[in-house]
Every structure is written in C-alpha cells, then in structure tokens.
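Remarks on the structure that follows.
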There are 2 protein chains.
Amino acid sequence: MVQLVHPATEDISLAGVLAALSDPMRLRIVKALLEQADCVSMSCTAAAPCPAMAKSTLSNHFRVLREAGLVRTTKKGVEHRNVVREADLDARFPGLLKSILAHAE
Amino acid sequence: MVQLVHPATEDISLAGVLAALSDPMRLRIVKALLEQADCVSMSCTAAAPCPAMAKSTLSNHFRVLREAGLVRTTKKGVEHRNVVREADLDARFPGLLKSILAHAE
DNA sequence: TCAATAGTCCCATATTTCCGAACTATTGAA
DNA sequence: TTCAATAGTTCGGAAATATGGGACTATTGA
C-alpha cells in the first residue's frame, strides 16, 4: 500500500481548492467520492460520474484534485483508492467544502 | 446610467462562480468590492488590488465576474461602477459567497 | 512467463489567458 | 463646436494550459 505525494494541510490554498472544484467534472468526482464513503477507483467505474472520458484526462483530473489537497490517493496493488480529505479541508477552511458541495448538481 | 447585460439570478451557475473566484486576482477584486461597500471603478484605483495589471486584462477579469453573475456593472458617464450581487448570490447559493470569502487572503 | 488491468507519461492539437496597441464613448474645457 | 483627457473595450499574437490518443510501467492472477 503506497501513499502518493500530497500537500500538507497547511499548504492547501483556497485558490487551488476553488480552481480544482471549478471544473464540473472534478466537482462531480468529489461529490461522488463523498457519497460512497468507500473508495472509488480512478476509472470511476464505481462512481461513474465520467462516462466517456479519456483515461489520460481522468488521470489528470485526479492529479489536480490530489495536488490541490482535495483527495488522498493510495495505491493498493493495481488500483488507486481516492478519499476526500474532509477533515484536513475542514481544518484548513472550516465549512468551505460542505458549503460548496451543498450546492453541487 | 446604463445597465450592462447580466445573467438572471437563476442562471448563475456554481461552476461559473467557482471558476470566477478561483483566480486569485478576481477573488481579491470581489473582496475589495465588498470591503468598500461603495463602488469601485474598473481601474481599481479605489480598491487597488491590482497594481501592475494591464487595462485589458483587468477589463477581462471584470467581464468574467459579470458573466458569472458575481458583480453588476453600471456605466455612469465615463466610468463603470461594479457592485457584488450579494443578495442574488445568496438567493441562488445560500451562504456560499460568505463561506468562500471568509477564507480569502 | 504471459495476458489483463489500472494508471501515468509524452506529444500534438485545441482552447484560454495575458498584454500591448488601436479604437470607442463620455466629459469638460477652450 | 472642437479638442484633449479619461475609462473601457476590442483585436491580435504570444504564452500557458487542457484534452485525448497511444505508448509505456507496474501489479496481479492464471
């Protein structure tokens, strides 16, 4: 089980979070990740918020989310497990994520 | 006194708002507009959150904010007056703007 | 050892952003 | 009126960024 590189909580920036969530696809991904508390593989077969999207594009979206500090990715065997960093985000920007997601969809 | 074109409140989209505010300069502009309840001309001489920025770039930022439904622009003589659409935004996405701005800067 | 699966990396194309320069509109003065 | 000054917009090219196809890597299971 490998941990990928993630920004420390205090290094998460507001602009980064907003930029990451300003893409409708990424917003849907985060929403889907939260709704099924359990993981979601990068292919989004479980959450399926991204039907006809190229693998490379999807990979890029997850990278943006990861670098913005929105999700934590762990590599388990052949697949990646993405979890929203709810606690970290709430520590850094109290209430923000909830407030944004409340209006998603 | 001329009203420029603005989206109706119900046409304001979450992605649009987030995209508009995901630019640090625009976030600063909105914050500055709110802090001095009174107008701010497009040159930001009053708010001055944008020192060394080309006129055309600034004009573009205000257009983005306007089209996203974040500010209302009225043309008074030779200058433009920009006001944050607080009430409209709060009607469309209750609490969102406040939540985002609480963490700005 | 080999095939299958899950992602990443690289590259070409497409889109967006930035800024200078030219242009438009309004005002105020001569 | 006419002219200069001020405030923004529009245009066009350069720079930055996003997209997706295809090749590549890593892990698993047969």
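Every chain in the structure tokens has a letter given in the order shown (A, B, ...), and although residue numbers restart at 1 in each chain, ligands are simply numbered from 1 in the order shown.
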Write down, as a PDB file with C-alpha atoms, in the first residue's frame, each residue of chain A that has any atom within 9 Å of an atom of chain D, counting only C-alpha atoms (C1' of nucleotides).
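Ended up saving to selection-v5.pdb:
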ATOM      1  CA  MET A  53     -13.770  10.482 -20.694  1.00  0.00           C
ATOM      2  CA  ALA A  54     -10.291   9.546 -21.814  1.00  0.00           C
ATOM      3  CA  LYS A  55      -8.196   7.707 -19.271  1.00  0.00           C
ATOM      4  CA  SER A  56      -5.436  10.268 -19.527  1.00  0.00           C
ATOM      5  CA  THR A  57      -7.837  13.147 -18.945  1.00  0.00           C
ATOM      6  CA  GLY A  77      -1.978  -3.211  -5.832  1.00  0.00           C
ATOM      7  CA  VAL A  78      -3.001  -2.308  -9.300  1.00  0.00           C
ATOM      8  CA  GLU A  79      -5.647   0.229  -8.495  1.00  0.00           C
TER       9      GLU A  79
END
- request: Identify every residue of chain C that has at least one atom within 12 Å of any atom of chain B, counting only C-alpha atoms (C1' of nucleotides), and report the result as a list in words.
  value: DT17, DC18, DC19, DG20, DA21, DT24, DA25, DT26, DT27 and DG28 of chain C
- prompt: Could you name the residues that touch stretch 93-104 of chain B at 10 Å or less, counting only C-alpha atoms (C1' of nucleotides), but leaving out those on the same chain fewer than 6 positions away, as a PyMOL selection string?
  reply: (chain A and resi 13-15+18+92-104) or (chain B and resi 9-10+12-14+17-18+21+24+27-28+30-31+34+70+85-87)
Create the file for the chosen residues now, containing N, CA and C atoms and written as a compact mmCIF listing (two decimals), in the first residue's frame.
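The new file result-v2.txt reads:
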# COMPACT_ATOMS: atom_id res chain seq x y z
N SER A 13 -4.27 25.62 -0.61
CA SER A 13 -4.63 27.02 -0.86
C SER A 13 -6.08 27.15 -1.30
N LEU A 14 -6.69 28.26 -0.95
CA LEU A 14 -8.08 28.50 -1.32
C LEU A 14 -8.22 28.53 -2.83
N ALA A 15 -7.31 29.25 -3.49
CA ALA A 15 -7.38 29.34 -4.95
C ALA A 15 -7.28 27.96 -5.57
N LEU A 18 -10.60 26.10 -5.06
CA LEU A 18 -11.65 26.64 -5.94
C LEU A 18 -11.38 26.27 -7.39
N ARG A 92 -8.45 23.32 7.55
CA ARG A 92 -7.83 24.46 6.84
C ARG A 92 -8.86 25.54 6.53
N PHE A 93 -10.00 25.13 6.00
CA PHE A 93 -11.05 26.08 5.61
C PHE A 93 -12.40 25.62 6.16
N PRO A 94 -12.65 25.89 7.42
CA PRO A 94 -13.86 25.36 8.08
C PRO A 94 -15.14 25.68 7.31
N GLY A 95 -15.88 24.64 7.03
CA GLY A 95 -17.20 24.82 6.41
C GLY A 95 -17.20 24.98 4.91
N LEU A 96 -16.04 25.23 4.35
CA LEU A 96 -16.00 25.55 2.91
C LEU A 96 -16.48 24.42 2.02
N LEU A 97 -15.90 23.26 2.19
CA LEU A 97 -16.25 22.14 1.31
C LEU A 97 -17.73 21.82 1.40
N LYS A 98 -18.24 21.78 2.59
CA LYS A 98 -19.65 21.47 2.81
C LYS A 98 -20.52 22.51 2.11
N SER A 99 -20.10 23.75 2.25
CA SER A 99 -20.88 24.84 1.66
C SER A 99 -20.90 24.74 0.14
N ILE A 100 -19.79 24.40 -0.44
CA ILE A 100 -19.74 24.29 -1.90
C ILE A 100 -20.54 23.08 -2.37
N LEU A 101 -20.32 21.95 -1.71
CA LEU A 101 -20.98 20.73 -2.16
C LEU A 101 -22.49 20.76 -1.94
N ALA A 102 -22.90 21.57 -0.99
CA ALA A 102 -24.34 21.68 -0.73
C ALA A 102 -25.06 22.18 -1.98
N HIS A 103 -24.35 22.89 -2.82
CA HIS A 103 -24.98 23.49 -4.00
C HIS A 103 -24.64 22.75 -5.28
N ALA A 104 -23.88 21.68 -5.16
CA ALA A 104 -23.48 20.94 -6.37
C ALA A 104 -24.64 20.13 -6.93
N THR B 9 -30.59 35.82 -11.90
CA THR B 9 -30.15 35.11 -10.69
C THR B 9 -30.20 33.59 -10.86
N GLU B 10 -31.30 33.11 -11.44
CA GLU B 10 -31.45 31.65 -11.56
C GLU B 10 -30.50 31.05 -12.58
N ILE B 12 -27.27 31.82 -12.67
CA ILE B 12 -25.92 31.80 -12.13
C ILE B 12 -25.57 30.35 -11.81
N SER B 13 -24.43 29.90 -12.32
CA SER B 13 -24.04 28.50 -12.10
C SER B 13 -22.93 28.39 -11.07
N LEU B 14 -22.95 27.29 -10.35
CA LEU B 14 -21.93 27.06 -9.32
C LEU B 14 -20.54 26.99 -9.95
N VAL B 17 -19.35 30.45 -10.81
CA VAL B 17 -18.93 31.21 -9.63
C VAL B 17 -17.57 30.73 -9.13
N LEU B 18 -17.41 29.42 -9.05
CA LEU B 18 -16.14 28.87 -8.57
C LEU B 18 -15.01 29.21 -9.53
N LEU B 21 -14.03 32.82 -9.11
CA LEU B 21 -13.32 33.11 -7.87
C LEU B 21 -12.02 32.30 -7.71
N PRO B 24 -6.93 34.20 -8.26
CA PRO B 24 -6.60 34.99 -7.07
C PRO B 24 -6.88 36.48 -7.26
N LEU B 27 -10.61 37.04 -7.01
CA LEU B 27 -11.04 36.87 -5.63
C LEU B 27 -10.71 38.14 -4.84
N ARG B 28 -9.53 38.69 -5.08
CA ARG B 28 -9.14 39.92 -4.40
C ARG B 28 -10.04 41.07 -4.80
N VAL B 30 -13.20 40.93 -5.76
CA VAL B 30 -14.50 40.77 -5.11
C VAL B 30 -14.41 41.15 -3.64
N LYS B 31 -13.35 40.69 -3.02
CA LYS B 31 -13.15 41.01 -1.60
C LYS B 31 -13.06 42.52 -1.41
N LEU B 34 -16.38 44.28 -1.77
CA LEU B 34 -17.26 44.11 -0.61
C LEU B 34 -16.81 44.97 0.56
N LEU B 70 -21.34 37.48 -10.63
CA LEU B 70 -20.80 37.91 -9.34
C LEU B 70 -20.91 39.40 -9.11
N ARG B 85 -23.11 41.19 -6.38
CA ARG B 85 -24.54 40.83 -6.31
C ARG B 85 -24.79 39.93 -5.11
N GLU B 86 -24.49 40.45 -3.95
CA GLU B 86 -24.61 39.67 -2.72
C GLU B 86 -25.98 39.01 -2.54
N ALA B 87 -27.02 39.81 -2.68
CA ALA B 87 -28.37 39.28 -2.44
C ALA B 87 -28.71 38.19 -3.46
- request: Quick one: pick out all strand (DSSP E or B) residues within chain B from a backbone DSSP run and write them as a PyMOL selection string.
  value: chain B and resi 2-3+71-76+79-84
query: chain A: which residues are helix (DSSP H, G or I) by DSSP, as a VMD selection string?
result: chain A and resid 9 to 11 14 to 21 24 to 35 55 to 67 86 to 92 96 to 101
Would you save the residues of that selection, restricted to N, CA and C atoms, as a compact mmCIF listing (two decimals), in the first residue's frame?
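Generated file (again_6.txt):
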# COMPACT_ATOMS: atom_id res chain seq x y z
N THR A 9 -1.66 19.79 5.09
CA THR A 9 -2.91 20.52 5.30
C THR A 9 -2.72 22.03 5.22
N GLU A 10 -1.66 22.51 5.87
CA GLU A 10 -1.47 23.97 5.91
C GLU A 10 -1.03 24.53 4.57
N ASP A 11 -0.67 23.67 3.65
CA ASP A 11 -0.26 24.15 2.33
C ASP A 11 -1.41 24.16 1.33
N LEU A 14 -6.69 28.26 -0.95
CA LEU A 14 -8.08 28.50 -1.32
C LEU A 14 -8.22 28.53 -2.83
N ALA A 15 -7.31 29.25 -3.49
CA ALA A 15 -7.38 29.34 -4.95
C ALA A 15 -7.28 27.96 -5.57
N GLY A 16 -6.41 27.14 -5.02
CA GLY A 16 -6.25 25.79 -5.54
C GLY A 16 -7.51 24.97 -5.40
N VAL A 17 -8.13 25.06 -4.23
CA VAL A 17 -9.37 24.32 -3.98
C VAL A 17 -10.46 24.79 -4.94
N LEU A 18 -10.60 26.10 -5.06
CA LEU A 18 -11.65 26.64 -5.94
C LEU A 18 -11.38 26.27 -7.39
N ALA A 19 -10.13 26.36 -7.80
CA ALA A 19 -9.79 26.02 -9.18
C ALA A 19 -10.09 24.55 -9.44
N ALA A 20 -9.74 23.72 -8.48
CA ALA A 20 -9.98 22.29 -8.65
C ALA A 20 -11.47 22.00 -8.77
N LEU A 21 -12.26 22.67 -7.97
CA LEU A 21 -13.70 22.40 -7.96
C LEU A 21 -14.46 23.18 -9.02
N PRO A 24 -16.53 21.21 -13.69
CA PRO A 24 -17.73 20.44 -13.39
C PRO A 24 -17.45 18.96 -13.21
N MET A 25 -16.53 18.45 -14.01
CA MET A 25 -16.21 17.03 -13.89
C MET A 25 -15.57 16.72 -12.55
N ARG A 26 -14.63 17.56 -12.12
CA ARG A 26 -13.97 17.32 -10.84
C ARG A 26 -14.94 17.51 -9.68
N LEU A 27 -15.83 18.46 -9.81
CA LEU A 27 -16.83 18.66 -8.76
C LEU A 27 -17.68 17.41 -8.62
N ARG A 28 -18.06 16.83 -9.76
CA ARG A 28 -18.86 15.62 -9.73
C ARG A 28 -18.09 14.46 -9.13
N ILE A 29 -16.80 14.40 -9.44
CA ILE A 29 -15.97 13.33 -8.89
C ILE A 29 -15.93 13.43 -7.36
N VAL A 30 -15.67 14.63 -6.86
CA VAL A 30 -15.59 14.82 -5.41
C VAL A 30 -16.92 14.47 -4.75
N LYS A 31 -17.99 14.92 -5.36
CA LYS A 31 -19.32 14.64 -4.83
C LYS A 31 -19.56 13.13 -4.78
N ALA A 32 -19.18 12.48 -5.87
CA ALA A 32 -19.37 11.03 -5.93
C ALA A 32 -18.52 10.32 -4.88
N LEU A 33 -17.30 10.81 -4.71
CA LEU A 33 -16.41 10.20 -3.72
C LEU A 33 -17.00 10.31 -2.33
N LEU A 34 -17.62 11.43 -2.04
CA LEU A 34 -18.19 11.63 -0.71
C LEU A 34 -19.44 10.80 -0.50
N GLU A 35 -20.20 10.65 -1.57
CA GLU A 35 -21.46 9.92 -1.42
C GLU A 35 -21.24 8.44 -1.13
N LYS A 55 -8.94 8.11 -20.47
CA LYS A 55 -8.20 7.71 -19.27
C LYS A 55 -7.20 8.77 -18.86
N SER A 56 -6.48 9.29 -19.83
CA SER A 56 -5.44 10.27 -19.53
C SER A 56 -6.03 11.55 -18.95
N THR A 57 -7.19 11.93 -19.45
CA THR A 57 -7.84 13.15 -18.94
C THR A 57 -8.28 12.92 -17.50
N LEU A 58 -8.87 11.77 -17.27
CA LEU A 58 -9.34 11.43 -15.93
C LEU A 58 -8.16 11.38 -14.96
N SER A 59 -7.09 10.77 -15.41
CA SER A 59 -5.88 10.69 -14.59
C SER A 59 -5.42 12.10 -14.23
N ASN A 60 -5.51 12.98 -15.20
CA ASN A 60 -5.11 14.37 -14.98
C ASN A 60 -6.02 15.05 -13.95
N HIS A 61 -7.32 14.80 -14.04
CA HIS A 61 -8.26 15.39 -13.08
C HIS A 61 -7.93 14.93 -11.66
N PHE A 62 -7.63 13.66 -11.51
CA PHE A 62 -7.30 13.17 -10.18
C PHE A 62 -5.99 13.77 -9.69
N ARG A 63 -5.08 13.98 -10.60
CA ARG A 63 -3.82 14.61 -10.21
C ARG A 63 -4.08 16.03 -9.70
N VAL A 64 -4.94 16.76 -10.41
CA VAL A 64 -5.28 18.13 -9.98
C VAL A 64 -5.91 18.10 -8.59
N LEU A 65 -6.86 17.20 -8.40
CA LEU A 65 -7.53 17.09 -7.11
C LEU A 65 -6.53 16.75 -6.01
N ARG A 66 -5.60 15.87 -6.34
CA ARG A 66 -4.60 15.45 -5.36
C ARG A 66 -3.68 16.60 -5.02
N GLU A 67 -3.20 17.30 -6.05
CA GLU A 67 -2.25 18.39 -5.82
C GLU A 67 -2.91 19.58 -5.13
N GLU A 86 -11.65 15.27 3.84
CA GLU A 86 -12.65 16.08 4.54
C GLU A 86 -12.12 16.76 5.79
N ALA A 87 -11.49 15.97 6.65
CA ALA A 87 -11.02 16.52 7.92
C ALA A 87 -9.95 17.58 7.71
N ASP A 88 -9.01 17.29 6.80
CA ASP A 88 -7.95 18.25 6.53
C ASP A 88 -8.53 19.55 5.98
N LEU A 89 -9.46 19.40 5.05
CA LEU A 89 -10.05 20.58 4.42
C LEU A 89 -10.83 21.40 5.44
N ASP A 90 -11.50 20.69 6.33
CA ASP A 90 -12.28 21.41 7.32
C ASP A 90 -11.39 22.09 8.35
N ALA A 91 -10.21 21.53 8.54
CA ALA A 91 -9.27 22.15 9.47
C ALA A 91 -8.71 23.42 8.83
N ARG A 92 -8.45 23.32 7.55
CA ARG A 92 -7.83 24.46 6.84
C ARG A 92 -8.86 25.54 6.53
N LEU A 96 -16.04 25.23 4.35
CA LEU A 96 -16.00 25.55 2.91
C LEU A 96 -16.48 24.42 2.02
N LEU A 97 -15.90 23.26 2.19
CA LEU A 97 -16.25 22.14 1.31
C LEU A 97 -17.73 21.82 1.40
N LYS A 98 -18.24 21.78 2.59
CA LYS A 98 -19.65 21.47 2.81
C LYS A 98 -20.52 22.51 2.11
N SER A 99 -20.10 23.75 2.25
CA SER A 99 -20.88 24.84 1.66
C SER A 99 -20.90 24.74 0.14
N ILE A 100 -19.79 24.40 -0.44
CA ILE A 100 -19.74 24.29 -1.90
C ILE A 100 -20.54 23.08 -2.37
N LEU A 101 -20.32 21.95 -1.71
CA LEU A 101 -20.98 20.73 -2.16
C LEU A 101 -22.49 20.76 -1.94
